[in-house]
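Asks: Shown below is the structure under consideration.
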Amino acid sequence: MTPKNILNADLHCHSVVSDGTLTPEALAERAKANGVELWALTDHDEIGGQHRAAAAAKAQGMHYLTGTEVSVTFAGQTVHIVGLGFDADNPDMQQGLRNTRGGREQRAMEMSDSLAKVGIKGAYEGALKFVGNPELISRTHFARFLVETGVCRETPEVFRKYLTEGKPGYVPHRWANLRDAVTWITQAQGIAVIAHPGRYKFTPNEEYALFTEFKAHGGRGVEVVTGSHTPQEYIKYAETAKEFGLAASRGSDFHSPDESHTDLGTLPFLPGELTPVWELLADRIQ
Ligand code: AMP
Ligand code: MN
Ligand code: MN
Ligand code: MN
């Protein structure tokens, strides 16, 4: 392992600005307490928390990269693209993310109607109580409502029984397209990273197409060590990173002390033979 990879970087987590339960300031404090040296807050489809997060990182004496996690539809599935090190004041990126968030309210009302049909009433209003950003109502907020009301014991159970394809409460949604998401990030001087590739249900051909098209659009990185991967997947996606000439990222995907099994800053280091994304972003680190 070369020293460049021995850095406690956590470049994926969520605050109350999307579907996390902690404020950017509380996350910064927790990251610092856990030994994080380089941090990024990556709220879903939203960069409204970036200035707060950067200021909080500075107050804690941590290095910071701007971040977001863009929802994309690719080959009929939802894919997440993390953006890192972009200019958070870039107007095209802000507009693209605003458009991506735009369909969430309508989708939430349809999810609520769908849940009502299986006897779960008032889910929209119930989910709203957990929402920190009115433009960012997500399935996670519905999951918290279903746990609160005792329909399920914990959030993964809610997703298994209600909020995933084929289950009551699931509403298909069309997000941003891959080219647009990569372009917003890249034109704002950031780099685009495929989030948790091990989570998608693609065939090998579809996965190959995702990586190939992502690269062709200017994508530069892939998450290798993430809270969403098994140790076997660290190895698998380290190989994929090398095959496609992508830099590697590391991030917990932490959402909440009560829900997340991987805490900020607690994952293994990146494998030594990979180029870490922060090496491509040296001039973007705050
Ligand atoms: P949305 O963007 O509204 O579709 O919500 C997606 C979010 O739901 C993800 O970012 C996760 O936070 C959460 N999520 C998705 N699948 C699961 C799961 N199986 N267990 C727990 N949370 C999940
Ligand atoms: Mn989430
Ligand atoms: Mn994700
Ligand atoms: Mn995430």
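Starting from 1 in every chain, residues are counted up; chains themselves are A, B, ... following the order of the structure tokens, and ligands are numbered from 1 as listed.
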Which residues, written as a PyMOL selection string, have at least one atom at most 7 Å from range 267-279 of chain A, with only C-alpha atoms counted and residues fewer than 4 positions away on the same chain left out?
Replies: chain A and resi 1-2+5-6+221+225+247-250+252
Asks: Using backbone DSSP assignments, extract all alpha helix (DSSP H) residues from range 122-207 of chain A; output them as a PyMOL selection string.
Replies: chain A and resi 123-128+139-148+155-158+178-187+204-207
Asks: Please return as an NGL selection string the residues found within 9 Å of ligand 4, counting only C-alpha atoms and all ligand atoms.
Replies: :A and (12-14 or 19 or 42-44 or 68-69 or 80 or 82 or 195-196 or 251-255)
Asks: Restricting the output to N, CA, C and O atoms, write the selected residues as a compact mmCIF listing (two decimals), in the first residue's frame.
Replies:
```txt
# COMPACT_ATOMS: atom_id res chain seq x y z
N HIS A 12 -18.84 10.09 1.23
CA HIS A 12 -20.25 9.76 0.92
C HIS A 12 -21.04 9.69 2.22
O HIS A 12 -20.83 8.78 3.03
N CYS A 13 -21.92 10.65 2.43
CA CYS A 13 -22.85 10.61 3.57
C CYS A 13 -23.98 11.61 3.34
O CYS A 13 -23.92 12.41 2.41
N HIS A 14 -24.99 11.53 4.20
CA HIS A 14 -26.21 12.32 4.01
C HIS A 14 -26.61 13.06 5.27
O HIS A 14 -26.51 12.52 6.37
N ASP A 19 -31.73 12.79 3.07
CA ASP A 19 -32.42 11.79 3.89
C ASP A 19 -31.60 11.29 5.08
O ASP A 19 -31.86 10.21 5.61
N THR A 42 -22.63 14.35 0.77
CA THR A 42 -23.14 14.06 -0.58
C THR A 42 -24.66 13.87 -0.55
O THR A 42 -25.16 12.77 -0.82
N ASP A 43 -25.39 14.92 -0.22
CA ASP A 43 -26.85 14.79 -0.18
C ASP A 43 -27.41 14.44 -1.56
O ASP A 43 -26.90 14.89 -2.59
N HIS A 44 -28.50 13.67 -1.55
CA HIS A 44 -29.16 13.27 -2.80
C HIS A 44 -29.68 14.49 -3.57
O HIS A 44 -30.47 15.27 -3.03
N THR A 68 -22.20 15.60 -3.85
CA THR A 68 -23.62 15.33 -4.04
C THR A 68 -23.75 13.91 -4.56
O THR A 68 -22.75 13.29 -4.96
N GLU A 69 -24.97 13.37 -4.54
CA GLU A 69 -25.25 12.05 -5.09
C GLU A 69 -26.46 12.18 -6.00
O GLU A 69 -27.58 12.37 -5.52
N HIS A 80 -26.81 5.71 -8.90
CA HIS A 80 -26.39 6.93 -8.22
C HIS A 80 -25.00 7.34 -8.68
O HIS A 80 -24.08 6.52 -8.72
N VAL A 82 -22.05 9.96 -7.76
CA VAL A 82 -21.52 10.92 -6.80
C VAL A 82 -20.69 11.96 -7.55
O VAL A 82 -19.92 11.62 -8.45
N ALA A 195 -21.51 5.50 -7.84
CA ALA A 195 -21.70 5.11 -6.44
C ALA A 195 -22.02 3.62 -6.34
O ALA A 195 -22.69 3.06 -7.22
N HIS A 196 -21.54 2.99 -5.28
CA HIS A 196 -21.85 1.59 -4.89
C HIS A 196 -22.33 0.69 -6.05
O HIS A 196 -23.47 0.21 -6.03
N GLY A 251 -16.30 5.73 0.91
CA GLY A 251 -17.31 6.47 1.67
C GLY A 251 -18.29 5.56 2.36
O GLY A 251 -18.68 4.52 1.82
N SER A 252 -18.70 5.96 3.57
CA SER A 252 -19.56 5.11 4.40
C SER A 252 -21.00 5.05 3.92
O SER A 252 -21.70 4.08 4.16
N ASP A 253 -21.50 6.12 3.27
CA ASP A 253 -22.94 6.27 2.96
C ASP A 253 -23.74 6.36 4.27
O ASP A 253 -24.88 5.91 4.34
N PHE A 254 -23.13 6.98 5.26
CA PHE A 254 -23.78 7.13 6.57
C PHE A 254 -25.01 8.04 6.46
O PHE A 254 -24.96 9.09 5.83
N HIS A 255 -26.14 7.57 7.07
CA HIS A 255 -27.39 8.36 7.08
C HIS A 255 -27.82 8.74 8.50
O HIS A 255 -28.40 9.80 8.69
```
Asks: Produce as an MDAnalysis selection string the set of residues near ligand 1, where near means within 6 Å with only C-alpha atoms and all ligand atoms considered.
Replies: chainID A and resid 138:140 155:156 159
Asks: Write out the residues from the selection above, keeping all heavy atoms, as an mmCIF file, in the first residue's frame.
Replies:
```
data_model
loop_
_atom_site.group_PDB
_atom_site.id
_atom_site.type_symbol
_atom_site.label_atom_id
_atom_site.label_comp_id
_atom_site.auth_asym_id
_atom_site.auth_seq_id
_atom_site.Cartn_x
_atom_site.Cartn_y
_atom_site.Cartn_z
ATOM 1 N N SER A 138 -38.087 11.567 0.305
ATOM 2 C CA SER A 138 -37.533 10.345 -0.294
ATOM 3 C C SER A 138 -38.169 9.110 0.342
ATOM 4 O O SER A 138 -38.887 9.199 1.340
ATOM 5 C CB SER A 138 -36.020 10.303 -0.110
ATOM 6 O OG SER A 138 -35.698 9.745 1.148
ATOM 7 N N ARG A 139 -37.850 7.981 -0.228
ATOM 8 C CA ARG A 139 -38.370 6.719 0.321
ATOM 9 C C ARG A 139 -37.925 6.528 1.765
ATOM 10 O O ARG A 139 -38.641 5.921 2.567
ATOM 11 C CB ARG A 139 -37.890 5.540 -0.546
ATOM 12 C CG ARG A 139 -38.626 5.436 -1.869
ATOM 13 C CD ARG A 139 -38.200 4.199 -2.629
ATOM 14 N NE ARG A 139 -36.831 4.290 -3.100
ATOM 15 C CZ ARG A 139 -36.078 3.252 -3.476
ATOM 16 N NH1 ARG A 139 -36.561 2.038 -3.412
ATOM 17 N NH2 ARG A 139 -34.846 3.432 -3.905
ATOM 18 N N THR A 140 -36.748 7.043 2.090
ATOM 19 C CA THR A 140 -36.247 6.904 3.459
ATOM 20 C C THR A 140 -37.217 7.536 4.464
ATOM 21 O O THR A 140 -37.421 7.010 5.564
ATOM 22 C CB THR A 140 -34.867 7.582 3.575
ATOM 23 O OG1 THR A 140 -34.076 7.158 2.477
ATOM 24 C CG2 THR A 140 -34.176 7.231 4.861
ATOM 25 N N THR A 155 -35.867 0.044 9.079
ATOM 26 C CA THR A 155 -36.008 0.534 7.704
ATOM 27 C C THR A 155 -35.705 -0.514 6.620
ATOM 28 O O THR A 155 -36.433 -0.553 5.633
ATOM 29 C CB THR A 155 -35.203 1.832 7.468
ATOM 30 O OG1 THR A 155 -33.875 1.643 7.920
ATOM 31 C CG2 THR A 155 -35.797 3.004 8.202
ATOM 32 N N PRO A 156 -34.690 -1.379 6.755
ATOM 33 C CA PRO A 156 -34.491 -2.371 5.670
ATOM 34 C C PRO A 156 -35.728 -3.244 5.441
ATOM 35 O O PRO A 156 -36.042 -3.608 4.304
ATOM 36 C CB PRO A 156 -33.299 -3.202 6.157
ATOM 37 C CG PRO A 156 -32.592 -2.326 7.131
ATOM 38 C CD PRO A 156 -33.651 -1.491 7.783
ATOM 39 N N PHE A 159 -38.162 -1.449 3.226
ATOM 40 C CA PHE A 159 -37.785 -1.504 1.805
ATOM 41 C C PHE A 159 -38.101 -2.886 1.229
ATOM 42 O O PHE A 159 -38.599 -3.005 0.114
ATOM 43 C CB PHE A 159 -36.302 -1.155 1.620
ATOM 44 C CG PHE A 159 -36.075 0.341 1.633
ATOM 45 C CD1 PHE A 159 -35.826 1.016 2.822
ATOM 46 C CD2 PHE A 159 -36.157 1.072 0.462
ATOM 47 C CE1 PHE A 159 -35.635 2.392 2.840
ATOM 48 C CE2 PHE A 159 -35.974 2.444 0.464
ATOM 49 C CZ PHE A 159 -35.707 3.106 1.662
#
```
Asks: Any idea what's packed within 12 Å of Ala282 in chain A, counting only C-alpha atoms, ignoring anything in its chain fewer than 3 positions away? Could you give it as a list in words?
Replies: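 Everything that qualifies: Lys4, Leu38, His63, Tyr64, Leu65, Leu84, Gly85, Gly190, Ile191, Pro276, Val277, Trp278, Glu279, Ile285 and Gln286 of chain A.
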Asks: Filtering to all heavy atoms, could you give me those residues as a CSV table (one decimal), in the first residue's frame?
Replies:
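Dumped to again-v6.csv:
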```
chain,number,residue,atom,x,y,z
A,4,LYS,N,-0.2,7.3,-0.2
A,4,LYS,CA,-1.3,8.2,-0.7
A,4,LYS,C,-2.7,7.6,-0.4
A,4,LYS,O,-3.7,8.3,-0.3
A,4,LYS,CB,-1.2,8.5,-2.2
A,4,LYS,CG,-1.4,7.2,-3.1
A,4,LYS,CD,-1.2,7.5,-4.5
A,4,LYS,CE,-1.8,6.4,-5.4
A,4,LYS,NZ,-0.9,5.3,-5.8
A,38,LEU,N,-10.4,13.7,5.5
A,38,LEU,CA,-11.0,14.4,4.3
A,38,LEU,C,-12.4,14.0,4.2
A,38,LEU,O,-12.7,12.8,4.1
A,38,LEU,CB,-10.2,14.0,3.1
A,38,LEU,CG,-10.7,14.5,1.7
A,38,LEU,CD1,-10.7,16.0,1.6
A,38,LEU,CD2,-10.0,13.8,0.6
A,63,HIS,N,-10.1,18.5,6.2
A,63,HIS,CA,-10.2,18.9,4.8
A,63,HIS,C,-11.6,18.6,4.2
A,63,HIS,O,-12.2,17.6,4.7
A,63,HIS,CB,-9.1,18.2,4.0
A,63,HIS,CG,-7.7,18.7,4.4
A,63,HIS,ND1,-7.3,20.0,4.2
A,63,HIS,CD2,-6.7,18.1,5.0
A,63,HIS,CE1,-6.1,20.2,4.6
A,63,HIS,NE2,-5.7,19.0,5.2
A,64,TYR,N,-12.0,19.3,3.2
A,64,TYR,CA,-13.3,19.1,2.6
A,64,TYR,C,-13.3,19.1,1.1
A,64,TYR,O,-12.6,19.9,0.5
A,64,TYR,CB,-14.3,20.3,3.2
A,64,TYR,CG,-15.7,20.0,2.8
A,64,TYR,CD1,-16.4,19.0,3.5
A,64,TYR,CD2,-16.3,20.6,1.7
A,64,TYR,CE1,-17.7,18.7,3.2
A,64,TYR,CE2,-17.6,20.3,1.4
A,64,TYR,CZ,-18.3,19.4,2.1
A,64,TYR,OH,-19.6,19.0,1.8
A,65,LEU,N,-14.2,18.3,0.5
A,65,LEU,CA,-14.5,18.3,-0.9
A,65,LEU,C,-16.0,18.5,-1.0
A,65,LEU,O,-16.7,17.8,-0.3
A,65,LEU,CB,-14.1,17.0,-1.6
A,65,LEU,CG,-12.6,16.8,-1.9
A,65,LEU,CD1,-12.3,15.4,-2.3
A,65,LEU,CD2,-12.2,17.8,-3.0
A,84,LEU,N,-17.9,15.1,-6.9
A,84,LEU,CA,-17.0,15.5,-5.9
A,84,LEU,C,-16.2,16.7,-6.4
A,84,LEU,O,-15.7,16.7,-7.6
A,84,LEU,CB,-16.0,14.4,-5.5
A,84,LEU,CG,-16.6,13.2,-4.8
A,84,LEU,CD1,-15.5,12.1,-4.7
A,84,LEU,CD2,-17.2,13.5,-3.4
A,85,GLY,N,-15.9,17.7,-5.5
A,85,GLY,CA,-14.9,18.7,-5.8
A,85,GLY,C,-15.4,19.8,-6.9
A,85,GLY,O,-14.6,20.5,-7.4
A,190,GLY,N,-15.8,19.4,-11.2
A,190,GLY,CA,-15.8,18.3,-10.3
A,190,GLY,C,-15.5,17.0,-11.0
A,190,GLY,O,-15.3,17.0,-12.2
A,191,ILE,N,-15.5,15.9,-10.3
A,191,ILE,CA,-15.4,14.6,-11.0
A,191,ILE,C,-16.6,13.8,-10.6
A,191,ILE,O,-17.1,13.8,-9.5
A,191,ILE,CB,-14.0,13.9,-10.7
A,191,ILE,CG1,-13.9,13.4,-9.3
A,191,ILE,CG2,-12.8,14.7,-11.1
A,191,ILE,CD1,-12.8,12.4,-9.1
A,276,PRO,N,-6.5,7.0,-5.8
A,276,PRO,CA,-7.6,7.6,-5.1
A,276,PRO,C,-8.2,8.8,-5.8
A,276,PRO,O,-7.4,9.6,-6.3
A,276,PRO,CB,-7.0,7.9,-3.7
A,276,PRO,CG,-5.6,8.0,-3.9
A,276,PRO,CD,-5.2,7.3,-5.1
A,277,VAL,N,-9.5,9.0,-5.7
A,277,VAL,CA,-10.1,10.2,-6.3
A,277,VAL,C,-9.5,11.5,-5.8
A,277,VAL,O,-9.4,12.5,-6.6
A,277,VAL,CB,-11.6,10.2,-6.2
A,277,VAL,CG1,-12.3,9.2,-7.0
A,277,VAL,CG2,-12.0,10.1,-4.7
A,278,TRP,N,-9.0,11.5,-4.6
A,278,TRP,CA,-8.5,12.8,-4.0
A,278,TRP,C,-7.2,13.2,-4.7
A,278,TRP,O,-6.9,14.4,-4.6
A,278,TRP,CB,-8.4,12.8,-2.5
A,278,TRP,CG,-7.7,11.6,-1.9
A,278,TRP,CD1,-6.4,11.5,-1.7
A,278,TRP,CD2,-8.3,10.4,-1.4
A,278,TRP,NE1,-6.1,10.3,-1.1
A,278,TRP,CE2,-7.2,9.6,-0.9
A,278,TRP,CE3,-9.6,9.9,-1.4
A,278,TRP,CZ2,-7.5,8.3,-0.4
A,278,TRP,CZ3,-9.8,8.7,-0.8
A,278,TRP,CH2,-8.8,7.9,-0.3
A,279,GLU,N,-6.6,12.2,-5.3
A,279,GLU,CA,-5.4,12.6,-6.1
A,279,GLU,C,-5.7,13.4,-7.3
A,279,GLU,O,-4.9,14.3,-7.7
A,279,GLU,CB,-4.6,11.3,-6.5
A,279,GLU,CG,-3.1,11.5,-6.7
A,279,GLU,CD,-2.4,10.2,-6.8
A,279,GLU,OE1,-2.3,9.7,-8.0
A,279,GLU,OE2,-1.9,9.7,-5.8
A,285,ILE,N,-9.5,20.6,-3.0
A,285,ILE,CA,-9.7,20.3,-1.6
A,285,ILE,C,-9.6,21.7,-0.8
A,285,ILE,O,-8.8,22.5,-1.0
A,285,ILE,CB,-8.6,19.4,-1.1
A,285,ILE,CG1,-8.8,18.0,-1.7
A,285,ILE,CG2,-8.6,19.2,0.5
A,285,ILE,CD1,-7.7,17.0,-1.4
A,286,GLN,N,-10.6,21.8,0.1
A,286,GLN,CA,-10.7,23.0,0.9
A,286,GLN,C,-10.2,22.8,2.3
A,286,GLN,O,-10.2,21.7,2.8
A,286,GLN,CB,-12.2,23.5,1.0
A,286,GLN,CG,-12.9,23.7,-0.3
A,286,GLN,CD,-14.3,24.1,-0.2
A,286,GLN,OE1,-14.7,24.9,0.7
A,286,GLN,NE2,-15.2,23.6,-1.0
```
Asks: What separation in Å, quoted to one decimal, exists between CA of Ala143 in chain A and CA of His173 in chain A?
Replies: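 Value for the CA of Ala143 in chain A-CA of His173 in chain A distance: 17.4 Å.
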Asks: Hey, what does DSSP flag as strand (DSSP E) within range 59-176 of chain A? Can you give it to me as a list in words?
Replies: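 Taking range 59-176 of chain A and keeping strand (DSSP E) only, one gets His63, Tyr64, Gly67, Thr68, Glu69, Val70, Ser71, Val72, Thr73, Phe74, Gln77, Thr78, Val79, His80, Ile81, Val82, Gly83 and Leu84 of chain A.
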Asks: Considering only C-alpha atoms, return as a PDB file with all heavy atoms, in the first residue's frame whatever protein or nucleic-acid residues lie within 8 Å of Pro24 in chain A, sequence-local ones (same chain, fewer than 3 positions apart) excluded.
Replies:
```
ATOM      1  N   SER A  15     -27.106  14.279   5.087  1.00  0.00           N
ATOM      2  CA  SER A  15     -27.566  15.114   6.208  1.00  0.00           C
ATOM      3  C   SER A  15     -29.077  15.334   6.105  1.00  0.00           C
ATOM      4  O   SER A  15     -29.729  14.829   5.180  1.00  0.00           O
ATOM      5  CB  SER A  15     -26.852  16.473   6.165  1.00  0.00           C
ATOM      6  OG  SER A  15     -27.421  17.285   5.149  1.00  0.00           O
ATOM      7  N   VAL A  16     -29.617  16.130   7.010  1.00  0.00           N
ATOM      8  CA  VAL A  16     -31.041  16.493   6.964  1.00  0.00           C
ATOM      9  C   VAL A  16     -31.411  17.265   5.693  1.00  0.00           C
ATOM     10  O   VAL A  16     -32.587  17.422   5.386  1.00  0.00           O
ATOM     11  CB  VAL A  16     -31.464  17.338   8.189  1.00  0.00           C
ATOM     12  CG1 VAL A  16     -31.447  16.502   9.455  1.00  0.00           C
ATOM     13  CG2 VAL A  16     -30.584  18.575   8.343  1.00  0.00           C
ATOM     14  N   LEU A  27     -22.697  16.106  11.594  1.00  0.00           N
ATOM     15  CA  LEU A  27     -21.940  15.109  10.824  1.00  0.00           C
ATOM     16  C   LEU A  27     -20.449  15.430  10.850  1.00  0.00           C
ATOM     17  O   LEU A  27     -19.613  14.526  10.997  1.00  0.00           O
ATOM     18  CB  LEU A  27     -22.409  15.088   9.362  1.00  0.00           C
ATOM     19  CG  LEU A  27     -23.730  14.374   9.066  1.00  0.00           C
ATOM     20  CD1 LEU A  27     -24.168  14.708   7.645  1.00  0.00           C
ATOM     21  CD2 LEU A  27     -23.612  12.868   9.239  1.00  0.00           C
ATOM     22  N   ALA A  28     -20.121  16.711  10.685  1.00  0.00           N
ATOM     23  CA  ALA A  28     -18.706  17.115  10.694  1.00  0.00           C
ATOM     24  C   ALA A  28     -18.072  16.754  12.033  1.00  0.00           C
ATOM     25  O   ALA A  28     -16.950  16.232  12.088  1.00  0.00           O
ATOM     26  CB  ALA A  28     -18.579  18.613  10.421  1.00  0.00           C
ATOM     27  N   LEU A  41     -19.832  15.849   2.158  1.00  0.00           N
ATOM     28  CA  LEU A  41     -21.269  15.615   2.367  1.00  0.00           C
ATOM     29  C   LEU A  41     -21.889  15.459   0.985  1.00  0.00           C
ATOM     30  O   LEU A  41     -21.711  16.324   0.123  1.00  0.00           O
ATOM     31  CB  LEU A  41     -21.889  16.817   3.089  1.00  0.00           C
ATOM     32  CG  LEU A  41     -23.424  16.818   3.180  1.00  0.00           C
ATOM     33  CD1 LEU A  41     -23.931  15.684   4.063  1.00  0.00           C
ATOM     34  CD2 LEU A  41     -23.918  18.172   3.705  1.00  0.00           C
ATOM     35  N   GLY A  49     -26.567  22.154   1.131  1.00  0.00           N
ATOM     36  CA  GLY A  49     -25.863  22.070   2.416  1.00  0.00           C
ATOM     37  C   GLY A  49     -24.362  22.260   2.291  1.00  0.00           C
ATOM     38  O   GLY A  49     -23.632  22.156   3.292  1.00  0.00           O
ATOM     39  N   ARG A  52     -22.511  25.160   4.347  1.00  0.00           N
ATOM     40  CA  ARG A  52     -22.527  24.808   5.779  1.00  0.00           C
ATOM     41  C   ARG A  52     -21.533  23.693   6.077  1.00  0.00           C
ATOM     42  O   ARG A  52     -20.803  23.743   7.074  1.00  0.00           O
ATOM     43  CB  ARG A  52     -23.915  24.297   6.182  1.00  0.00           C
ATOM     44  CG  ARG A  52     -24.877  25.380   6.569  1.00  0.00           C
ATOM     45  CD  ARG A  52     -26.250  24.802   6.806  1.00  0.00           C
ATOM     46  NE  ARG A  52     -26.376  24.062   8.068  1.00  0.00           N
ATOM     47  CZ  ARG A  52     -27.498  23.437   8.441  1.00  0.00           C
ATOM     48  NH1 ARG A  52     -28.559  23.456   7.647  1.00  0.00           N
ATOM     49  NH2 ARG A  52     -27.552  22.808   9.590  1.00  0.00           N
ATOM     50  N   ALA A  53     -21.515  22.674   5.222  1.00  0.00           N
ATOM     51  CA  ALA A  53     -20.627  21.521   5.464  1.00  0.00           C
ATOM     52  C   ALA A  53     -19.159  21.948   5.378  1.00  0.00           C
ATOM     53  O   ALA A  53     -18.336  21.541   6.212  1.00  0.00           O
ATOM     54  CB  ALA A  53     -20.931  20.408   4.468  1.00  0.00           C
ATOM     55  N   ALA A  56     -18.292  23.859   8.450  1.00  0.00           N
ATOM     56  CA  ALA A  56     -18.225  22.971   9.623  1.00  0.00           C
ATOM     57  C   ALA A  56     -16.936  22.144   9.597  1.00  0.00           C
ATOM     58  O   ALA A  56     -16.302  21.923  10.633  1.00  0.00           O
ATOM     59  CB  ALA A  56     -19.440  22.052   9.657  1.00  0.00           C
TER      60      ALA A  56
END
```
Asks: Quick one: distance from CA of Asp45 in chain A to CA of Thr23 in chain A in Å, one decimal?
Replies: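 According to the coordinates, CA of Asp45 in chain A and CA of Thr23 in chain A are separated by 16.7 Å.
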Asks: A:Ser71, A:Thr186, A:Ser114, A:Asn8: which is nearest ligand 3, counting only C-alpha atoms and all ligand atoms?
Replies: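 Result for the nearest residue to ligand 3: A:Ser71.
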Asks: When you look at range 133-137 of chain A with a cut-off of 12 Å (counting only C-alpha atoms), what residues show up, excluding the ones that are within fewer than 3 positions of it in the same chain? I need them as JSON, numbers by chain.
Replies: {"A": [14, 15, 16, 17, 18, 19, 20, 21, 23, 43, 44, 45, 46, 47, 48, 49, 71, 97, 98, 99, 100, 101, 102, 103, 104, 105, 106, 107, 108, 109, 111, 112, 123, 124, 125, 126, 127, 128, 129, 130, 140, 141, 142, 143, 144]}
Asks: When you count only C-alpha atoms and all ligand atoms, which of these residues is closest to ligand 3: A:Arg199, A:Arg220, A:Arg160, A:Arg284?
Replies: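 Closest to ligand 3 of all the choices is A:Arg199.
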Asks: Go ahead and compute the interatomic distance for CA of Ala181 in chain A and CA of Val70 in chain A, in Å to one decimal.
Replies: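 Result for CA of Ala181 in chain A versus CA of Val70 in chain A: 6.7 Å, one decimal.
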Asks: Excluding Tyr170 in chain A and any residue of its chain fewer than 4 positions from it, enumerate the residues within 9 Å of it, using only C-alpha atoms, and give them as an NGL selection string.
Replies: :A and (110-111 or 114-115 or 139 or 162-166)
Asks: Which residues, written as JSON, numbers by chain, have at least one atom at most 9 Å from Thr183 in chain A, with only C-alpha atoms counted and residues fewer than 3 positions away on the same chain left out?
Replies: {"A": [93, 178, 179, 180, 186, 187, 188, 192, 217, 218, 219]}
Asks: Selected residues, N, CA and C atoms, written as an mmCIF file, in the first residue's frame, please.
Replies:
```
data_model
loop_
_atom_site.group_PDB
_atom_site.id
_atom_site.type_symbol
_atom_site.label_atom_id
_atom_site.label_comp_id
_atom_site.auth_asym_id
_atom_site.auth_seq_id
_atom_site.Cartn_x
_atom_site.Cartn_y
_atom_site.Cartn_z
ATOM 1 N N MET A 93 -25.332 23.384 -12.826
ATOM 2 C CA MET A 93 -25.427 22.222 -11.947
ATOM 3 C C MET A 93 -26.598 22.405 -10.971
ATOM 4 N N LEU A 178 -27.752 9.724 -17.547
ATOM 5 C CA LEU A 178 -26.349 9.570 -17.148
ATOM 6 C C LEU A 178 -25.476 10.679 -17.726
ATOM 7 N N ARG A 179 -25.675 10.954 -19.015
ATOM 8 C CA ARG A 179 -24.835 11.968 -19.656
ATOM 9 C C ARG A 179 -25.009 13.329 -18.974
ATOM 10 N N ASP A 180 -26.258 13.699 -18.683
ATOM 11 C CA ASP A 180 -26.492 15.006 -18.050
ATOM 12 C C ASP A 180 -25.827 15.080 -16.684
ATOM 13 N N THR A 186 -18.944 17.615 -14.194
ATOM 14 C CA THR A 186 -17.661 17.856 -14.855
ATOM 15 C C THR A 186 -17.521 19.322 -15.256
ATOM 16 N N GLN A 187 -18.616 19.907 -15.770
ATOM 17 C CA GLN A 187 -18.535 21.308 -16.183
ATOM 18 C C GLN A 187 -18.422 22.256 -14.992
ATOM 19 N N ALA A 188 -18.779 21.764 -13.807
ATOM 20 C CA ALA A 188 -18.592 22.567 -12.595
ATOM 21 C C ALA A 188 -17.233 22.254 -11.954
ATOM 22 N N ALA A 192 -17.014 12.977 -11.587
ATOM 23 C CA ALA A 192 -18.164 12.085 -11.400
ATOM 24 C C ALA A 192 -17.657 10.691 -11.049
ATOM 25 N N HIS A 217 -18.791 9.653 -21.294
ATOM 26 C CA HIS A 217 -19.350 10.967 -20.956
ATOM 27 C C HIS A 217 -18.389 11.805 -20.113
ATOM 28 N N GLY A 218 -17.271 11.215 -19.688
ATOM 29 C CA GLY A 218 -16.288 11.977 -18.914
ATOM 30 C C GLY A 218 -16.206 11.591 -17.449
ATOM 31 N N GLY A 219 -16.872 10.498 -17.057
ATOM 32 C CA GLY A 219 -16.790 10.015 -15.669
ATOM 33 C C GLY A 219 -15.375 9.553 -15.337
#
```
Asks: Which of these residues is nearest to ligand 3, using only C-alpha atoms and all ligand atoms: A:Thr78, A:Val222, A:Asn90, A:Ser260?
Replies: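 Closest residue, counting only C-alpha atoms and all ligand atoms: A:Thr78.
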